[in-house]
Amino acid sequence: QKEVEQNSGPLSVPEGAIASLNCTYSDRVSQSFFWYRQYSGKSPELIMSIYSNGDKEDGRFTAQLNKASQYVSLLIRDSQPSDSATYLCAVKTNSGYALNFGKGTSLLVTP
Amino acid sequence: KAGVTQTPRYLIKTRGQQVTLSCSPISGHRSVSWYQQTPGQGLQFLFEYFSETQRNKGNFPGRFSGRQFSNSRSEMNVSTLELGDSALYLCASSISGSTAHEQYFGPGTRLTVT
């Protein structure tokens with residue numbers, strides 16, 4: 001079983017701070033990495049995708065990938081209460097078409 | 001562009017019955033994947049279809065099946081429902097399902113088995 005691991009949280013940060021969400025994966029041949037946000041009672045919403053080592057920035061979000069360490073992270077700058085949600089890390093290998101999900105990290109941004 | 005749509009949004013069924021869920025992907029997307037989400041197991045992959053062919057299947061019993069039509073719309077069927085099948089069933093569409101293409105989720109179908 002290829003594993004994707006996330007700290008379940010909750011991760012609590014004050015409004016305006018940087019939230020750092022981490023994910024590790026076990027399958028070295030993983031090729032594609034995704035972060036989804038899921039509000040309670042809603043379906044997952046794609047935030048970021050990253051395919052190459054390094055950083056990828058999109059607005060307040062930065063995804064970081066280190067394939068050697070099998071580690072991917074998501075930074076949320078200037079966190080807002082509306083960012084409070086569960087963040088799901090998903091990994092895809094080049095041998096299949098399925099996304100393998102972590103169980104998610106619950107983020108709480110307090111005013 | 002319209003997003004992924006799923007019908008019905010909510011279902012209540014009795015043990016032993018069967019159920020069919022429907023998914024319409026984003027226009028132009030030819031890959032449809034199905035996932036089951038439960039509080040205990042998280043999001044688990046059921047199967048993926050592309051051009052009416054199942055290309056990948058997760059570790060679920062044969063009671064779970066699916067199909068895809070020529071217009072890329074997909075259905076999944078669960079026969080002989082069990083209490084443990086109560087879950088949120090999510091459909092995701094992608095241009096081709098390859099590693100380079102992102103998956104976008106529909107709103108889900110909430111299935112309750114009593």
# chains A, B, ... in the order shown; residues from 1 in each chain; ligands from 1
$ residues_around --residues "A:Asn22" --least-positions-apart "6" --cutoff "10 Å" --atoms "only C-alpha atoms" --output "list in words"
Glu5, Gln6, Asn7, Ala63, Gln64, Tyr71, Val72, Ser73, Leu74, Leu75, Tyr87, Leu88, Cys89, Gly104 and Thr105 of chain A
$ interface_residues --of "chain A" --to "chain B" --cutoff "6 Å" --atoms "only C-alpha atoms" --output "number ranges by chain"
A: 32, 43, 94, 97, 103
$ residues_around --residues "A:Leu99" --least-positions-apart "3" --cutoff "7 Å" --atoms "only C-alpha atoms" --output "PyMOL selection string"
chain A and resi 90-92
$ write_last_selection --atoms "C-alpha atoms" --output "mmCIF file, in the first residue's frame"
data_model
loop_
_atom_site.group_PDB
_atom_site.id
_atom_site.type_symbol
_atom_site.label_atom_id
_atom_site.label_comp_id
_atom_site.auth_asym_id
_atom_site.auth_seq_id
_atom_site.Cartn_x
_atom_site.Cartn_y
_atom_site.Cartn_z
ATOM 1 C CA ALA A 90 -2.784 13.807 -3.067
ATOM 2 C CA VAL A 91 -0.125 11.956 -5.004
ATOM 3 C CA LYS A 92 -0.186 10.269 -8.381
#
$ residues_around --residues "stretch 19-28 of chain B" --least-positions-apart "4" --cutoff "7 Å" --atoms "only C-alpha atoms" --output "list of chain:residue names"
B:Ala2, B:Gly3, B:Val4, B:Thr5, B:Gln6, B:Thr7, B:Pro8, B:Val32, B:Ser72, B:Arg73, B:Ser74, B:Glu75, B:Met76, B:Asn77, B:Val78, B:Ser79, B:Cys91, B:Ser93, B:Ile95
$ closest_residue --among "A:Ser84, A:Gln31, A:Asn100, A:Thr93" --to "A:Pro10" --atoms "only C-alpha atoms"
A:Ser84
$ select_by_dssp --residues "chain B" --states "strand (DSSP E or B)" --output "ChimeraX atom specification"
/B:5-7,10-13,19-24,31-38,42-50,53-57,64-68,74-78,87-94,104-105,109-113
